[in-house]
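Source file: query08.pdb. Holds: PDB, C-alpha atoms.
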ATOM      1  CA  MET A  24     -14.413 -28.872  -3.521  1.00  0.00           C
ATOM      2  CA  MET A  25     -14.694 -25.747  -5.641  1.00  0.00           C
ATOM      3  CA  PRO A  26     -11.581 -23.570  -5.974  1.00  0.00           C
ATOM      4  CA  LEU A  27     -11.621 -20.217  -4.208  1.00  0.00           C
ATOM      5  CA  SER A  28     -11.847 -17.053  -6.249  1.00  0.00           C
ATOM      6  CA  SER A  29      -8.851 -14.747  -6.080  1.00  0.00           C
ATOM      7  CA  ALA A  30     -10.737 -12.364  -3.785  1.00  0.00           C
ATOM      8  CA  SER A  31     -11.864 -15.161  -1.485  1.00  0.00           C
ATOM      9  CA  ASN A  32      -8.367 -16.591  -1.463  1.00  0.00           C
ATOM     10  CA  TRP A  33      -6.926 -13.192  -0.512  1.00  0.00           C
ATOM     11  CA  LEU A  34      -9.483 -12.734   2.276  1.00  0.00           C
ATOM     12  CA  LEU A  35      -8.707 -16.193   3.616  1.00  0.00           C
ATOM     13  CA  ARG A  36      -4.981 -15.393   3.621  1.00  0.00           C
ATOM     14  CA  ALA A  37      -5.616 -12.008   5.216  1.00  0.00           C
ATOM     15  CA  GLY A  38      -7.583 -13.698   7.986  1.00  0.00           C
ATOM     16  CA  MET A  39      -4.680 -16.054   8.611  1.00  0.00           C
ATOM     17  CA  VAL A  40      -2.111 -13.241   8.452  1.00  0.00           C
ATOM     18  CA  PHE A  41      -3.996 -11.040  10.881  1.00  0.00           C
ATOM     19  CA  GLY A  42      -4.731 -13.932  13.225  1.00  0.00           C
ATOM     20  CA  LEU A  43      -8.486 -13.732  12.751  1.00  0.00           C
ATOM     21  CA  SER A  44      -8.792 -17.491  12.645  1.00  0.00           C
ATOM     22  CA  GLY A  45      -8.340 -17.766  16.404  1.00  0.00           C
ATOM     23  CA  CYS A  46      -5.824 -20.557  15.967  1.00  0.00           C
ATOM     24  CA  ALA A  47      -2.678 -18.685  16.994  1.00  0.00           C
ATOM     25  CA  ALA A  48      -0.341 -20.917  18.979  1.00  0.00           C
ATOM     26  CA  THR A  49       1.215 -17.994  20.830  1.00  0.00           C
ATOM     27  CA  ALA A  50      -0.052 -14.566  21.698  1.00  0.00           C
ATOM     28  CA  PRO A  51       1.533 -11.663  19.791  1.00  0.00           C
ATOM     29  CA  ALA A  52       3.902  -9.350  21.615  1.00  0.00           C
ATOM     30  CA  ALA A  53       2.148  -6.635  23.573  1.00  0.00           C
ATOM     31  CA  LEU A  54       1.702  -3.377  21.731  1.00  0.00           C
ATOM     32  CA  THR A  55       3.125  -0.894  24.217  1.00  0.00           C
ATOM     33  CA  PRO A  56       2.775   2.841  23.568  1.00  0.00           C
ATOM     34  CA  GLN A  57       6.470   2.954  22.622  1.00  0.00           C
ATOM     35  CA  ARG A  58       6.108   0.060  20.164  1.00  0.00           C
ATOM     36  CA  ALA A  59       2.995   1.662  18.697  1.00  0.00           C
ATOM     37  CA  ALA A  60       4.833   4.969  18.199  1.00  0.00           C
ATOM     38  CA  GLU A  61       7.792   3.161  16.601  1.00  0.00           C
ATOM     39  CA  ALA A  62       5.478   1.245  14.254  1.00  0.00           C
ATOM     40  CA  GLN A  63       3.625   4.410  13.251  1.00  0.00           C
ATOM     41  CA  GLN A  64       6.931   6.179  12.563  1.00  0.00           C
ATOM     42  CA  ALA A  65       8.182   3.240  10.469  1.00  0.00           C
ATOM     43  CA  ILE A  66       4.940   3.219   8.463  1.00  0.00           C
ATOM     44  CA  ARG A  67       5.138   6.989   7.936  1.00  0.00           C
ATOM     45  CA  GLN A  68       8.724   6.455   6.695  1.00  0.00           C
ATOM     46  CA  VAL A  69       7.520   3.901   4.108  1.00  0.00           C
ATOM     47  CA  LEU A  70       5.181   6.541   2.660  1.00  0.00           C
ATOM     48  CA  THR A  71       7.840   9.271   2.804  1.00  0.00           C
ATOM     49  CA  THR A  72      10.288   7.002   0.974  1.00  0.00           C
ATOM     50  CA  GLN A  73       7.653   6.134  -1.629  1.00  0.00           C
ATOM     51  CA  ALA A  74       6.841   9.804  -2.272  1.00  0.00           C
ATOM     52  CA  ALA A  75      10.542  10.645  -2.639  1.00  0.00           C
ATOM     53  CA  ALA A  76      11.022   7.799  -5.147  1.00  0.00           C
ATOM     54  CA  TRP A  77       7.934   8.881  -7.101  1.00  0.00           C
ATOM     55  CA  ASN A  78       9.144  12.472  -7.192  1.00  0.00           C
ATOM     56  CA  ARG A  79      12.462  11.271  -8.661  1.00  0.00           C
ATOM     57  CA  GLY A  80      10.511   9.459 -11.390  1.00  0.00           C
ATOM     58  CA  ASP A  81      11.604   6.068  -9.997  1.00  0.00           C
ATOM     59  CA  ILE A  82       8.590   3.752 -10.078  1.00  0.00           C
ATOM     60  CA  PRO A  83      10.586   0.569  -9.208  1.00  0.00           C
ATOM     61  CA  ALA A  84      11.883   2.286  -6.036  1.00  0.00           C
ATOM     62  CA  PHE A  85       8.336   3.484  -5.270  1.00  0.00           C
ATOM     63  CA  MET A  86       7.172  -0.133  -5.531  1.00  0.00           C
ATOM     64  CA  GLU A  87       9.643  -1.221  -2.820  1.00  0.00           C
ATOM     65  CA  GLY A  88       6.997  -0.094  -0.314  1.00  0.00           C
ATOM     66  CA  TYR A  89       4.659  -2.811  -1.596  1.00  0.00           C
ATOM     67  CA  TRP A  90       4.639  -6.503  -0.697  1.00  0.00           C
ATOM     68  CA  LYS A  91       6.467  -8.307  -3.482  1.00  0.00           C
ATOM     69  CA  SER A  92       3.883 -11.057  -3.780  1.00  0.00           C
ATOM     70  CA  ASP A  93       1.252 -12.338  -6.172  1.00  0.00           C
ATOM     71  CA  SER A  94      -1.204 -11.747  -3.311  1.00  0.00           C
ATOM     72  CA  LEU A  95      -0.713  -7.969  -3.240  1.00  0.00           C
ATOM     73  CA  VAL A  96      -4.002  -6.309  -4.200  1.00  0.00           C
ATOM     74  CA  PHE A  97      -4.393  -2.819  -5.654  1.00  0.00           C
ATOM     75  CA  ILE A  98      -7.926  -1.544  -6.136  1.00  0.00           C
ATOM     76  CA  GLY A  99      -8.282   1.464  -8.396  1.00  0.00           C
ATOM     77  CA  ARG A 100     -10.913   2.903 -10.710  1.00  0.00           C
ATOM     78  CA  LYS A 101     -10.685  -0.116 -13.037  1.00  0.00           C
ATOM     79  CA  GLY A 102     -11.120  -2.651 -10.226  1.00  0.00           C
ATOM     80  CA  PRO A 103      -8.666  -4.946  -8.464  1.00  0.00           C
ATOM     81  CA  THR A 104      -5.216  -5.844  -9.708  1.00  0.00           C
ATOM     82  CA  TYR A 105      -3.508  -8.795  -8.031  1.00  0.00           C
ATOM     83  CA  GLY A 106       0.232  -9.142  -7.788  1.00  0.00           C
ATOM     84  CA  TRP A 107       3.270  -6.938  -7.374  1.00  0.00           C
ATOM     85  CA  GLN A 108       4.444  -7.267 -10.981  1.00  0.00           C
ATOM     86  CA  LEU A 109       1.051  -6.410 -12.489  1.00  0.00           C
ATOM     87  CA  THR A 110       0.802  -3.397 -10.175  1.00  0.00           C
ATOM     88  CA  LEU A 111       4.264  -2.246 -11.268  1.00  0.00           C
ATOM     89  CA  ASP A 112       3.335  -2.780 -14.929  1.00  0.00           C
ATOM     90  CA  ASN A 113       0.185  -0.666 -14.492  1.00  0.00           C
ATOM     91  CA  TYR A 114       2.121   2.183 -12.882  1.00  0.00           C
ATOM     92  CA  VAL A 115       4.688   2.158 -15.713  1.00  0.00           C
ATOM     93  CA  LYS A 116       1.904   2.083 -18.340  1.00  0.00           C
ATOM     94  CA  ASN A 117      -0.144   4.863 -16.738  1.00  0.00           C
ATOM     95  CA  TYR A 118       2.823   7.088 -15.833  1.00  0.00           C
ATOM     96  CA  PRO A 119       5.324   6.656 -18.703  1.00  0.00           C
ATOM     97  CA  THR A 120       7.316   9.846 -18.035  1.00  0.00           C
ATOM     98  CA  ALA A 121       8.399  11.973 -15.092  1.00  0.00           C
ATOM     99  CA  ALA A 122       6.089  14.739 -16.376  1.00  0.00           C
ATOM    100  CA  ALA A 123       3.117  12.343 -16.328  1.00  0.00           C
ATOM    101  CA  MET A 124       4.087  11.279 -12.803  1.00  0.00           C
ATOM    102  CA  GLY A 125       4.326  14.803 -11.424  1.00  0.00           C
ATOM    103  CA  GLN A 126       5.127  15.475  -7.799  1.00  0.00           C
ATOM    104  CA  LEU A 127       3.385  13.277  -5.223  1.00  0.00           C
ATOM    105  CA  ASP A 128       2.262  14.530  -1.835  1.00  0.00           C
ATOM    106  CA  PHE A 129       0.470  12.603   0.900  1.00  0.00           C
ATOM    107  CA  SER A 130      -1.578  14.412   3.552  1.00  0.00           C
ATOM    108  CA  GLY A 131      -4.124  13.783   6.281  1.00  0.00           C
ATOM    109  CA  LEU A 132      -2.541  10.477   7.215  1.00  0.00           C
ATOM    110  CA  ARG A 133      -4.371   8.483   9.846  1.00  0.00           C
ATOM    111  CA  ILE A 134      -2.397   5.410  10.896  1.00  0.00           C
ATOM    112  CA  THR A 135      -4.250   2.783  12.915  1.00  0.00           C
ATOM    113  CA  LEU A 136      -2.455  -0.252  14.276  1.00  0.00           C
ATOM    114  CA  LEU A 137      -4.650  -3.324  13.986  1.00  0.00           C
ATOM    115  CA  ALA A 138      -2.114  -5.646  15.632  1.00  0.00           C
ATOM    116  CA  PRO A 139       1.616  -5.460  16.428  1.00  0.00           C
ATOM    117  CA  THR A 140       2.388  -6.406  12.819  1.00  0.00           C
ATOM    118  CA  ALA A 141      -0.638  -5.030  10.953  1.00  0.00           C
ATOM    119  CA  ALA A 142      -1.936  -1.524  10.308  1.00  0.00           C
ATOM    120  CA  GLN A 143      -4.184   0.536   8.105  1.00  0.00           C
ATOM    121  CA  VAL A 144      -3.523   4.006   6.762  1.00  0.00           C
ATOM    122  CA  VAL A 145      -6.158   6.394   5.448  1.00  0.00           C
ATOM    123  CA  GLY A 146      -4.985   9.509   3.684  1.00  0.00           C
ATOM    124  CA  GLN A 147      -5.130  11.843   0.753  1.00  0.00           C
ATOM    125  CA  TRP A 148      -2.815  11.930  -2.275  1.00  0.00           C
ATOM    126  CA  HIS A 149      -2.126  14.727  -4.711  1.00  0.00           C
ATOM    127  CA  LEU A 150      -0.093  14.821  -7.914  1.00  0.00           C
ATOM    128  CA  ALA A 151       1.059  18.266  -8.998  1.00  0.00           C
ATOM    129  CA  ARG A 152       1.411  18.011 -12.797  1.00  0.00           C
ATOM    130  CA  PRO A 153       1.803  21.408 -14.476  1.00  0.00           C
ATOM    131  CA  ALA A 154       1.614  20.015 -18.020  1.00  0.00           C
ATOM    132  CA  ALA A 155      -1.041  17.309 -17.586  1.00  0.00           C
ATOM    133  CA  GLY A 156      -3.144  18.865 -14.802  1.00  0.00           C
ATOM    134  CA  ASP A 157      -3.240  18.058 -11.128  1.00  0.00           C
ATOM    135  CA  VAL A 158      -5.032  14.956  -9.846  1.00  0.00           C
ATOM    136  CA  GLY A 159      -5.687  13.592  -6.405  1.00  0.00           C
ATOM    137  CA  GLY A 160      -7.906  11.533  -4.209  1.00  0.00           C
ATOM    138  CA  TYR A 161      -8.001   9.292  -1.171  1.00  0.00           C
ATOM    139  CA  PHE A 162      -6.550   5.931  -0.221  1.00  0.00           C
ATOM    140  CA  LEU A 163      -6.831   3.134   2.296  1.00  0.00           C
ATOM    141  CA  LEU A 164      -3.745   0.994   2.744  1.00  0.00           C
ATOM    142  CA  VAL A 165      -3.320  -2.220   4.699  1.00  0.00           C
ATOM    143  CA  LEU A 166       0.249  -2.806   5.786  1.00  0.00           C
ATOM    144  CA  ARG A 167       1.897  -5.651   7.611  1.00  0.00           C
ATOM    145  CA  GLN A 168       5.389  -6.499   8.646  1.00  0.00           C
ATOM    146  CA  VAL A 169       7.105  -8.797   6.189  1.00  0.00           C
ATOM    147  CA  ASP A 170      10.569  -9.975   7.207  1.00  0.00           C
ATOM    148  CA  GLY A 171      10.713  -7.158   9.750  1.00  0.00           C
ATOM    149  CA  GLN A 172       9.736  -4.406   7.278  1.00  0.00           C
ATOM    150  CA  TRP A 173       6.380  -2.689   6.878  1.00  0.00           C
ATOM    151  CA  LYS A 174       4.907  -3.356   3.428  1.00  0.00           C
ATOM    152  CA  VAL A 175       1.650  -2.375   1.745  1.00  0.00           C
ATOM    153  CA  VAL A 176      -0.311  -5.594   1.185  1.00  0.00           C
ATOM    154  CA  ALA A 177      -3.543  -3.955   0.004  1.00  0.00           C
ATOM    155  CA  ASP A 178      -4.095  -0.531  -1.564  1.00  0.00           C
ATOM    156  CA  HIS A 179      -7.490   0.961  -2.391  1.00  0.00           C
ATOM    157  CA  THR A 180      -6.917   4.287  -4.110  1.00  0.00           C
ATOM    158  CA  ASN A 181      -9.494   6.500  -5.741  1.00  0.00           C
ATOM    159  CA  SER A 182      -9.464   9.777  -7.623  1.00  0.00           C
ATOM    160  CA  ALA A 183     -11.515  12.698  -6.380  1.00  0.00           C
ATOM    161  CA  GLN A 184     -11.439  14.406  -9.792  1.00  0.00           C
TER     162      GLN A 184
END
What would the structure in this file look like if it were written as structure tokens?
Amino acid sequence: MMPLSSASNWLLRAGMVFGLSGCAATAPAALTPQRAAEAQQAIRQVLTTQAAAWNRGDIPAFMEGYWKSDSLVFIGRKGPTYGWQLTLDNYVKNYPTAAAMGQLDFSGLRITLLAPTAAQVVGQWHLARPAAGDVGGYFLLVLRQVDGQWKVVADHTNSAQ
């Protein structure tokens, strides 16, 4: 048997995580309107907390919103990066100072619950950086509940500039 590529392995895991295999032993809890609203608020809070950490120049705190796993995937202009630590390392390398980081703002958030413990978020990001020039773009995040907390498990971010 040939080993799976990293991408195939991630897709296989994602299918299992999101219950796409059809082999779930029990049905997930119903997603009532109240539960959906609570989940959307919790997800919005993850992004608010991340933006606040970024704006303090605290990349490790920003990374707390991500799944601390080797299976985390971040897709940017240079292609996919797998793993929490490598994603952290890339942020530190690309944003070495608070001035380079600027002030982060998210807007146009569209949160869609895919299941009681899985969601996607589409939105726009903007970095106000007086010295280095503003940058921004769009993102698609996949989040899931990990140990009762919403975490980004996949992040596809692009730059519109």
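Taking all atoms listed in the file into account, Arg67 (chain A) lies nearest to A:Phe129 out of the set A:Trp90, A:Val169, A:Phe129, A:Asn181.
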Suppose a student applies the PyMOL selection byres ((chain A and resi 141) around 8) to this structure; what residues should they get, written as an MDAnalysis selection string? chainID A and resid 41 136:140 142:143 165:168
Spell out the residues picked by the PyMOL selection byres ((chain A and resi 68) around 12) here, as a list in words. Glu61, Ala62, Gln63, Gln64, Ala65, Ile66, Arg67, Val69, Leu70, Thr71, Thr72, Gln73, Ala74, Ala75, Gly88, Phe129, Leu132, Ile134, Gln172, Trp173 and Lys174 of chain A
Find the residues around Gly159 (chain A) up to 7 Å (only C-alpha atoms counted), leave out those fewer than 3 positions away in its own chain, and share them as a JSON list (two decimals) with C-alpha atoms, keeping the file's coordinate frame.
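Result went into selection_24.json, see below:
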[["chain", "number", "residue", "atom", "x", "y", "z"],
["A", 148, "TRP", "CA", -2.82, 11.93, -2.28],
["A", 149, "HIS", "CA", -2.13, 14.73, -4.71],
["A", 150, "LEU", "CA", -0.09, 14.82, -7.91],
["A", 182, "SER", "CA", -9.46, 9.78, -7.62],
["A", 183, "ALA", "CA", -11.52, 12.70, -6.38],
["A", 184, "GLN", "CA", -11.44, 14.41, -9.79]]
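If all atoms listed in the file are the atoms counted, then among A:Ser92, A:Gln126, A:Asn117, A:Thr135 the closest residue to Ala76 (chain A) is A:Gln126.
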Apply the PyMOL selection byres ((chain A and resi 108-111) around 9) to the file shown and report the selected residues as number ranges by chain. A: 82-83, 86, 91-93, 95-97, 104-107, 112-116
Among listed residues A:Leu163, A:Asp157, A:Ala84, A:Pro56, nearest Val176 (chain A) (using only C-alpha atoms):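 The answer is A:Leu163, which sits nearest to Val176 (chain A).
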Pick from A:Ala154, A:His179, A:Gly160, A:Pro103: nearest to Ser130 (chain A), with all atoms listed in the file counted? A:Gly160
Just the residues within 10 Å of Gly125 (chain A), please, counting only C-alpha atoms, with nothing from its chain fewer than 4 positions along; format it as an MDAnalysis selection string. chainID A and resid 77:80 118 120:121 149:158
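Going from CA of Arg133 (chain A) to CA of Asp178 (chain A) covers 14.5 Å.
Going from CA of Gly131 (chain A) to CA of Ser94 (chain A) covers 27.4 Å.
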